[in-house]
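One structure is given here, and the rest of the page talks about it.
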Amino acid sequence: MGTIARVLRHSRGCWHFLIAIELLSLLSLPLTLSYPWPLKIAVDCVLGGQPLPWFLKDLSLGRTETALFWVVTLLLLIAISVNLQSLGSWWLQTYAGEKLVWDFRAELLNHVQRLPLSFHDRYGAADAVYRIQHDASAIQYVVIQGLVPLVTASFTLVGMILVIFKIDPGLAIISLAISPILFVLTMVSGRLVRKRSRVIKELDSSAMSVIQEVLGCIRVIKAFGQEDEEHDRFVRRSSKRLSGQVGLAVWQAVFNLFIGLTIAGGTAAALYIGVTHVRSGILTVGSLLVVMAYIAQMYAPLQLLSTKLTELQGWNASLERAFLLLDQSPEIAEITDALGVEQAQGHVAFRNVSFNYAQSQQGLNNISFEAPAGSRVGIVGTTGAGKTTLLNLVMRFYDPSAGEVLLDGVNLRRYRIANLRQQFAVVLQEPVLFNASIAENIAYGKRDATDAEIVAAAQAASAHDFIMRLPKRYHTVVGERGASLSGGERQRISLARAFLRDSPIL
């Protein structure tokens with residue numbers, strides 16, 4: 001129920017669509033209830049000679065053939081109304097479902113971007129991608145294919161029960177006798193589905209991570225000839241997921257079989273009692289046909305309630321994984337009265353700074369130094385000594401566990417994070433480019449840069465000459481991670497991007 005409550009809160013932007021969908025779904029209730037009545041009129045009145053209903057007496061003028069025509073017309077009108085209702089409901093459900101998923105994925109991505117690096121180090125990109133792309137889509141199944149049908153089925157069930165009770169109370173009681181059995185089956189199956197769905201999602205995410213690693217490290221794999229080993233690694237992880245999914249599907253099939261058998265038993269019992277009531281004169285043949293039609297329609301929502309409640313457990317397992325991302329709070333907190341800074345001078349100081357990563361003992365221990373504004377500083381040390389950690393701390397990707405880092409004499413914790421990071425331009429050891437044009441990559445840190453500024457930055461980075469030799473020059477798309485450029489060319493574009501940003505600290 002906690003997951004369902006969160007789903008409803010996240011669906012606020014689509015409530016007007018959901019209300020319209022529910023109203024259209026409830027419109028199907030009177031249409032469904034009226035469907036068997038033309039058959040009853042045809043059997044009892046046209047064939048059996050009983051009096052016609054009041055609304056057909058005047059139309060038919062007492063003639064049997066005319067009455068049959070209006071009965072058939074009534075049946076067609078009901079059928080047309082049902083199909084128009086289904087068409088409108090289908091369009092609304094499709095639109096609302098897609099919008100729910102789009103909004104939820106956008107919210108997840110926006111939140112994940114703002115999580116600290118420690119989160120991404122711990123979970124990795126593949127797991128977050130799987131939760132955003134695959135787990136988030138469960139929100140439309142829960143709302144559109146779960147909650148909406150459950151509400152409609154509940155109203156339909158109540159309506160059917162009331163009508164059957166009015167026609168024959170005994171048959172209504174017999175028909176409802178199977179409800180406790182369905183309830184027990186639903187509870188048992190739902191718990192198992194939820195538990196196994198969580199395991200399957202973890203296995204599926206693990207298999208997807210192999211694909212992402214392979215495609216991201218394809219040059220290394222080819223260089224070391226490890227294609228077959230990576231294929232086998234993917235197969236091993238996928239086979240576990242396959243076994244789990246097949247096992248879950250078998251269990252759900254068995255559950256559906258028991259539901260079907262239970263409903264068949266209830267139908268058989270109702271038919272037996274109904275025939276005895278016809279023989280004893282309690283019911284007419286037409287009334288029995290109506291009651292049996294209603295019982296069949298009553299069992300449809302009962303079966304829907306049972307299966308949907310089970311399916312909800314699997315979808316909820318996906319949403320729990322997606323909500324886990326939203327539950328991660330930024331470890332780098334910003335104080336309420338944080339200072340803004342437009343243009344720092346660039347004086348950096350470390351005072352007795354210590355830091356350790358959660359996964360290892362490597363880090364920094366009591367480091368102190370100063371880098372005056374305008375100076376060029378080289379940081380030298382063995383692998384793992386903490387060179388990258390220094391830069392992570394000065395840009396406040398992490399906070400030190402002891403000591404303080406200062407910019408222009410002010411502790412970094414006192415600054416607004418967004419303003420603080422605007423004071424830095426970064427060229428990474430491994431240049432990262434986006435699948436966009438060269439001009440867009442250079443202007444990534446300064447979106448409003450003019451063409452002249454972009455060219456000047458490229459010239460400063462000694463990139464202008466090779467850019468001008470490309471077919472589309474600055475409009476050349478570099479491909480994923482800059483795959484169409486050489487390593488040196490990618491590095492030059494990264495330098496140009498940093499130069500164009502023109503921050504106080506490079």
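By order in the structure tokens, chains are A, B, ...; within a chain, residues start at 1; ligands start at 1, following the order shown.
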Query raised in the report: Any idea what's packed within 6 Å of range 324-336 of chain A, counting only C-alpha atoms, ignoring anything in its chain fewer than 2 positions away? Could you give it as number ranges by chain?
Result: A: 115-116, 321-322, 338
Can you tell me, as a short mmCIF file (atom, residue, chain, number, x, y, z; two decimals) with all heavy atoms, in the first residue's frame, what residues are no more than 12 Å from Gly482 in chain A when counting only C-alpha atoms, ignoring any on the same chain fewer than 3 positions away?
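The result, written out as selection.cif:
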```
data_model
loop_
_atom_site.label_atom_id
_atom_site.label_comp_id
_atom_site.auth_asym_id
_atom_site.auth_seq_id
_atom_site.Cartn_x
_atom_site.Cartn_y
_atom_site.Cartn_z
N GLU A 430 40.67 11.11 -19.37
CA GLU A 430 40.04 10.47 -20.52
C GLU A 430 39.00 11.43 -21.05
O GLU A 430 37.97 11.64 -20.43
CB GLU A 430 39.37 9.15 -20.12
CG GLU A 430 38.70 8.45 -21.28
CD GLU A 430 37.97 7.19 -20.86
OE1 GLU A 430 38.11 6.78 -19.68
OE2 GLU A 430 37.25 6.63 -21.69
N PRO A 431 39.25 12.05 -22.22
CA PRO A 431 38.31 13.06 -22.72
C PRO A 431 36.94 12.47 -23.00
O PRO A 431 36.82 11.39 -23.57
CB PRO A 431 38.97 13.56 -24.01
CG PRO A 431 39.90 12.46 -24.43
CD PRO A 431 40.37 11.82 -23.15
N VAL A 432 35.92 13.19 -22.57
CA VAL A 432 34.53 12.75 -22.75
C VAL A 432 33.83 13.73 -23.68
O VAL A 432 33.74 14.92 -23.38
CB VAL A 432 33.79 12.67 -21.40
CG1 VAL A 432 32.33 12.31 -21.63
CG2 VAL A 432 34.46 11.65 -20.50
N LEU A 433 33.36 13.23 -24.83
CA LEU A 433 32.59 14.03 -25.76
C LEU A 433 31.21 13.43 -25.91
O LEU A 433 31.01 12.24 -25.70
CB LEU A 433 33.29 14.11 -27.13
CG LEU A 433 34.70 14.70 -27.16
CD1 LEU A 433 35.22 14.76 -28.59
CD2 LEU A 433 34.74 16.09 -26.53
N PHE A 434 30.27 14.28 -26.33
CA PHE A 434 28.89 13.83 -26.51
C PHE A 434 28.60 13.64 -28.00
O PHE A 434 29.29 14.20 -28.86
CB PHE A 434 27.92 14.87 -25.91
CG PHE A 434 28.08 15.04 -24.43
CD1 PHE A 434 28.93 16.02 -23.92
CD2 PHE A 434 27.40 14.23 -23.55
CE1 PHE A 434 29.09 16.18 -22.56
CE2 PHE A 434 27.54 14.38 -22.18
CZ PHE A 434 28.39 15.36 -21.68
N ASN A 435 27.58 12.84 -28.28
CA ASN A 435 27.21 12.55 -29.66
C ASN A 435 26.49 13.76 -30.24
O ASN A 435 25.27 13.77 -30.44
CB ASN A 435 26.33 11.30 -29.72
CG ASN A 435 26.10 10.83 -31.15
OD1 ASN A 435 26.77 11.28 -32.07
ND2 ASN A 435 25.14 9.94 -31.33
N ALA A 436 27.26 14.80 -30.51
CA ALA A 436 26.75 16.07 -31.02
C ALA A 436 27.83 16.67 -31.92
O ALA A 436 28.88 16.06 -32.15
CB ALA A 436 26.39 17.00 -29.88
N SER A 437 27.58 17.87 -32.41
CA SER A 437 28.57 18.51 -33.29
C SER A 437 29.76 18.99 -32.47
O SER A 437 29.70 19.13 -31.24
CB SER A 437 27.94 19.68 -34.02
OG SER A 437 27.64 20.73 -33.11
N ILE A 438 30.86 19.27 -33.18
CA ILE A 438 32.05 19.77 -32.50
C ILE A 438 31.74 21.11 -31.83
O ILE A 438 32.16 21.35 -30.68
CB ILE A 438 33.21 19.92 -33.52
CG1 ILE A 438 33.71 18.52 -33.93
CG2 ILE A 438 34.35 20.74 -32.93
CD1 ILE A 438 34.79 18.54 -34.97
N ASN A 441 29.92 20.50 -28.61
CA ASN A 441 30.80 19.96 -27.57
C ASN A 441 31.69 21.04 -26.97
O ASN A 441 31.91 21.08 -25.76
CB ASN A 441 31.65 18.83 -28.15
CG ASN A 441 30.97 17.47 -28.06
OD1 ASN A 441 30.91 16.86 -27.00
ND2 ASN A 441 30.42 17.02 -29.18
N THR A 476 30.42 19.06 -37.72
CA THR A 476 30.65 17.63 -37.80
C THR A 476 30.22 16.95 -36.50
O THR A 476 30.63 17.37 -35.41
CB THR A 476 32.13 17.33 -38.05
OG1 THR A 476 32.52 17.96 -39.28
CG2 THR A 476 32.36 15.82 -38.15
N VAL A 477 29.38 15.92 -36.59
CA VAL A 477 28.96 15.16 -35.41
C VAL A 477 30.04 14.14 -35.09
O VAL A 477 30.48 13.38 -35.96
CB VAL A 477 27.61 14.46 -35.68
CG1 VAL A 477 27.21 13.60 -34.48
CG2 VAL A 477 26.53 15.49 -35.97
N VAL A 478 30.49 14.13 -33.84
CA VAL A 478 31.67 13.34 -33.46
C VAL A 478 31.35 11.89 -33.13
O VAL A 478 32.25 11.08 -32.93
CB VAL A 478 32.39 13.99 -32.26
CG1 VAL A 478 32.82 15.41 -32.61
CG2 VAL A 478 31.48 14.00 -31.03
N GLY A 479 30.05 11.52 -33.03
CA GLY A 479 29.69 10.15 -32.68
C GLY A 479 29.71 9.93 -31.18
O GLY A 479 30.08 10.81 -30.39
N LEU A 485 36.69 10.74 -33.91
CA LEU A 485 37.93 11.50 -33.79
C LEU A 485 39.02 10.64 -33.18
O LEU A 485 38.75 9.65 -32.49
CB LEU A 485 37.70 12.74 -32.91
CG LEU A 485 36.61 13.73 -33.36
CD1 LEU A 485 36.49 14.86 -32.34
CD2 LEU A 485 36.91 14.28 -34.74
N SER A 486 40.25 11.03 -33.40
CA SER A 486 41.37 10.33 -32.77
C SER A 486 41.47 10.74 -31.30
O SER A 486 40.82 11.70 -30.86
CB SER A 486 42.67 10.69 -33.49
OG SER A 486 43.01 12.05 -33.23
N GLY A 487 42.29 10.03 -30.55
CA GLY A 487 42.43 10.34 -29.14
C GLY A 487 42.96 11.75 -28.92
O GLY A 487 42.47 12.48 -28.05
N GLY A 488 43.95 12.15 -29.72
CA GLY A 488 44.49 13.49 -29.58
C GLY A 488 43.49 14.57 -29.96
O GLY A 488 43.43 15.63 -29.33
N GLU A 489 42.70 14.29 -30.99
CA GLU A 489 41.68 15.27 -31.40
C GLU A 489 40.62 15.43 -30.32
O GLU A 489 40.17 16.56 -30.04
CB GLU A 489 41.06 14.83 -32.72
CG GLU A 489 42.01 14.96 -33.91
CD GLU A 489 41.46 14.30 -35.16
OE1 GLU A 489 40.56 13.44 -35.03
OE2 GLU A 489 41.95 14.62 -36.26
N ARG A 490 40.23 14.32 -29.71
CA ARG A 490 39.26 14.43 -28.61
C ARG A 490 39.82 15.26 -27.47
O ARG A 490 39.11 16.06 -26.85
CB ARG A 490 38.86 13.03 -28.12
CG ARG A 490 38.04 12.23 -29.11
CD ARG A 490 37.36 11.04 -28.44
NE ARG A 490 38.30 10.05 -27.94
CZ ARG A 490 38.78 9.03 -28.64
NH1 ARG A 490 38.39 8.87 -29.91
NH2 ARG A 490 39.61 8.16 -28.11
N GLN A 491 41.11 15.07 -27.18
CA GLN A 491 41.72 15.83 -26.10
C GLN A 491 41.74 17.32 -26.42
O GLN A 491 41.50 18.17 -25.55
CB GLN A 491 43.15 15.32 -25.87
CG GLN A 491 43.80 15.81 -24.59
CD GLN A 491 43.12 15.29 -23.34
OE1 GLN A 491 42.23 15.94 -22.81
NE2 GLN A 491 43.53 14.12 -22.88
N ARG A 492 41.98 17.67 -27.69
CA ARG A 492 41.99 19.08 -28.08
C ARG A 492 40.61 19.70 -27.94
O ARG A 492 40.46 20.86 -27.53
CB ARG A 492 42.47 19.21 -29.53
CG ARG A 492 43.94 18.84 -29.74
CD ARG A 492 44.85 19.81 -29.05
NE ARG A 492 46.26 19.43 -29.19
CZ ARG A 492 47.26 20.11 -28.63
NH1 ARG A 492 47.00 21.18 -27.90
NH2 ARG A 492 48.50 19.70 -28.77
N ILE A 493 39.57 18.96 -28.32
CA ILE A 493 38.20 19.47 -28.16
C ILE A 493 37.90 19.69 -26.68
O ILE A 493 37.27 20.69 -26.30
CB ILE A 493 37.19 18.49 -28.77
CG1 ILE A 493 37.43 18.31 -30.28
CG2 ILE A 493 35.75 18.98 -28.54
CD1 ILE A 493 37.30 19.58 -31.08
N SER A 494 38.37 18.78 -25.82
CA SER A 494 38.16 18.95 -24.38
C SER A 494 38.86 20.21 -23.87
O SER A 494 38.32 20.94 -23.02
CB SER A 494 38.69 17.72 -23.63
OG SER A 494 37.97 16.57 -23.98
#
```
Query raised in the report: Which polymer residues have any atom within 7 Å of an atom of Ala461 in chain A, counting only C-alpha atoms, with same-chain residues fewer than 4 positions away left out, as a PyMOL selection string?
Result: chain A and resi 457+492+495-496
Query raised in the report: Do you know which residues are at most 10 Å from Val199 in chain A counting only C-alpha atoms, after dropping those on the same chain fewer than 4 positions away, and could you put them as a VMD selection string?
Result: chain A and resid 194 to 195 203 to 204 241 244 to 245 317
Written selection (N, CA, C and O atoms) as a PDB file, in the first residue's frame:
```
ATOM      1  N   ARG A 194       5.793 -11.367  -5.902  1.00  0.00           N
ATOM      2  CA  ARG A 194       6.569 -10.183  -5.511  1.00  0.00           C
ATOM      3  C   ARG A 194       7.999 -10.563  -5.138  1.00  0.00           C
ATOM      4  O   ARG A 194       8.958  -9.895  -5.546  1.00  0.00           O
ATOM      5  N   LYS A 195       8.148 -11.634  -4.380  1.00  0.00           N
ATOM      6  CA  LYS A 195       9.482 -12.061  -3.956  1.00  0.00           C
ATOM      7  C   LYS A 195      10.335 -12.467  -5.151  1.00  0.00           C
ATOM      8  O   LYS A 195      11.491 -12.049  -5.281  1.00  0.00           O
ATOM      9  N   LEU A 203      18.692  -9.999 -11.407  1.00  0.00           N
ATOM     10  CA  LEU A 203      19.405 -10.810 -12.393  1.00  0.00           C
ATOM     11  C   LEU A 203      19.384 -10.141 -13.767  1.00  0.00           C
ATOM     12  O   LEU A 203      20.389 -10.158 -14.490  1.00  0.00           O
ATOM     13  N   ASP A 204      18.250  -9.563 -14.125  1.00  0.00           N
ATOM     14  CA  ASP A 204      18.134  -8.892 -15.415  1.00  0.00           C
ATOM     15  C   ASP A 204      19.064  -7.687 -15.480  1.00  0.00           C
ATOM     16  O   ASP A 204      19.735  -7.452 -16.494  1.00  0.00           O
ATOM     17  N   ARG A 241      18.630 -15.582 -15.120  1.00  0.00           N
ATOM     18  CA  ARG A 241      17.421 -14.785 -15.247  1.00  0.00           C
ATOM     19  C   ARG A 241      16.348 -15.572 -15.993  1.00  0.00           C
ATOM     20  O   ARG A 241      15.172 -15.535 -15.644  1.00  0.00           O
ATOM     21  N   GLY A 244      14.732 -18.125 -13.706  1.00  0.00           N
ATOM     22  CA  GLY A 244      13.828 -17.477 -12.755  1.00  0.00           C
ATOM     23  C   GLY A 244      12.543 -17.019 -13.401  1.00  0.00           C
ATOM     24  O   GLY A 244      11.456 -17.178 -12.834  1.00  0.00           O
ATOM     25  N   GLN A 245      12.632 -16.457 -14.624  1.00  0.00           N
ATOM     26  CA  GLN A 245      11.444 -15.961 -15.301  1.00  0.00           C
ATOM     27  C   GLN A 245      10.526 -17.109 -15.709  1.00  0.00           C
ATOM     28  O   GLN A 245       9.306 -17.015 -15.586  1.00  0.00           O
ATOM     29  N   ALA A 317       7.280  -4.611  -7.411  1.00  0.00           N
ATOM     30  CA  ALA A 317       8.694  -4.939  -7.217  1.00  0.00           C
ATOM     31  C   ALA A 317       9.570  -4.052  -8.093  1.00  0.00           C
ATOM     32  O   ALA A 317      10.646  -3.595  -7.667  1.00  0.00           O
TER      33      ALA A 317
END
```
**Report entry** Surrounding residues of Leu26 in chain A excluding itself and chain neighbours under 4 positions, 9 Å, only C-alpha atoms, as number ranges by chain
**Finding:** A: 21-22, 30, 151-153, 155-156
Writing out the chosen residues with N, CA, C and O atoms as a short mmCIF file (atom, residue, chain, number, x, y, z; two decimals), in the first residue's frame:
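Okay, this is what ended up in result34.cif:
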```
data_model
loop_
_atom_site.label_atom_id
_atom_site.label_comp_id
_atom_site.auth_asym_id
_atom_site.auth_seq_id
_atom_site.Cartn_x
_atom_site.Cartn_y
_atom_site.Cartn_z
N ILE A 21 -10.70 8.40 -17.59
CA ILE A 21 -10.62 6.96 -17.88
C ILE A 21 -11.55 6.18 -16.96
O ILE A 21 -12.27 5.28 -17.40
N GLU A 22 -11.57 6.56 -15.68
CA GLU A 22 -12.41 5.84 -14.73
C GLU A 22 -13.90 6.07 -15.02
O GLU A 22 -14.71 5.14 -14.93
N PRO A 30 -23.32 0.08 -16.82
CA PRO A 30 -24.71 -0.07 -17.29
C PRO A 30 -24.79 -0.72 -18.67
O PRO A 30 -25.76 -1.44 -18.95
N VAL A 151 -10.71 -0.77 -9.81
CA VAL A 151 -11.85 0.04 -9.37
C VAL A 151 -13.08 -0.29 -10.21
O VAL A 151 -14.18 -0.50 -9.69
N THR A 152 -12.89 -0.35 -11.53
CA THR A 152 -14.02 -0.66 -12.42
C THR A 152 -14.57 -2.05 -12.14
O THR A 152 -15.80 -2.25 -12.08
N ALA A 153 -13.67 -3.03 -11.95
CA ALA A 153 -14.11 -4.39 -11.68
C ALA A 153 -14.88 -4.47 -10.37
O ALA A 153 -15.85 -5.23 -10.25
N PHE A 155 -16.77 -2.07 -8.96
CA PHE A 155 -18.12 -1.55 -9.19
C PHE A 155 -18.96 -2.51 -10.03
O PHE A 155 -20.15 -2.72 -9.76
N THR A 156 -18.33 -3.09 -11.04
CA THR A 156 -19.05 -4.04 -11.89
C THR A 156 -19.51 -5.25 -11.08
O THR A 156 -20.65 -5.72 -11.21
#
```
Report task. Select, from A:Ile4, A:Ala172, A:Leu289, A:Ile19, the residue with the minimum atom-to-atom distance to Tyr141 in chain A, counting only C-alpha atoms. Result ->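 Checking each candidate against Tyr141 in chain A, we get A:Ile4 as the closest.
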Query raised in the report: At what distance in Å, to one decimal, does CA of Tyr415 in chain A lie from CA of Gln343 in chain A?
Result: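 Rounded to one decimal, the two atoms are 12.3 Å apart.
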**Report entry** Residue neighbourhood Val235 in chain A, 10 Å, only C-alpha atoms, exclusion window fewer than 6 positions, as a ChimeraX atom specification
**Finding:** /A:207,210,229,241-242
Dump C-alpha atoms for the selected residues as an mmCIF file, in the first residue's frame?
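Output below, filename part19.cif:
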```
data_model
loop_
_atom_site.group_PDB
_atom_site.id
_atom_site.type_symbol
_atom_site.label_atom_id
_atom_site.label_comp_id
_atom_site.auth_asym_id
_atom_site.auth_seq_id
_atom_site.Cartn_x
_atom_site.Cartn_y
_atom_site.Cartn_z
ATOM 1 C CA ALA A 207 22.907 -9.247 -17.373
ATOM 2 C CA VAL A 210 27.509 -6.980 -19.050
ATOM 3 C CA GLU A 229 34.687 -14.950 -22.797
ATOM 4 C CA ARG A 241 17.421 -14.785 -15.247
ATOM 5 C CA LEU A 242 15.809 -17.099 -17.817
#
```
Query raised in the report: Expressed in Å to a single decimal, how great is the separation between CA of Phe104 in chain A and CA of Gln422 in chain A?
Result: 28.9 Å
Report task. Figure out the distance between CA of Glu320 in chain A and CA of Gln212 in chain A, please, to one decimal in Å. Result -> 23.1 Å
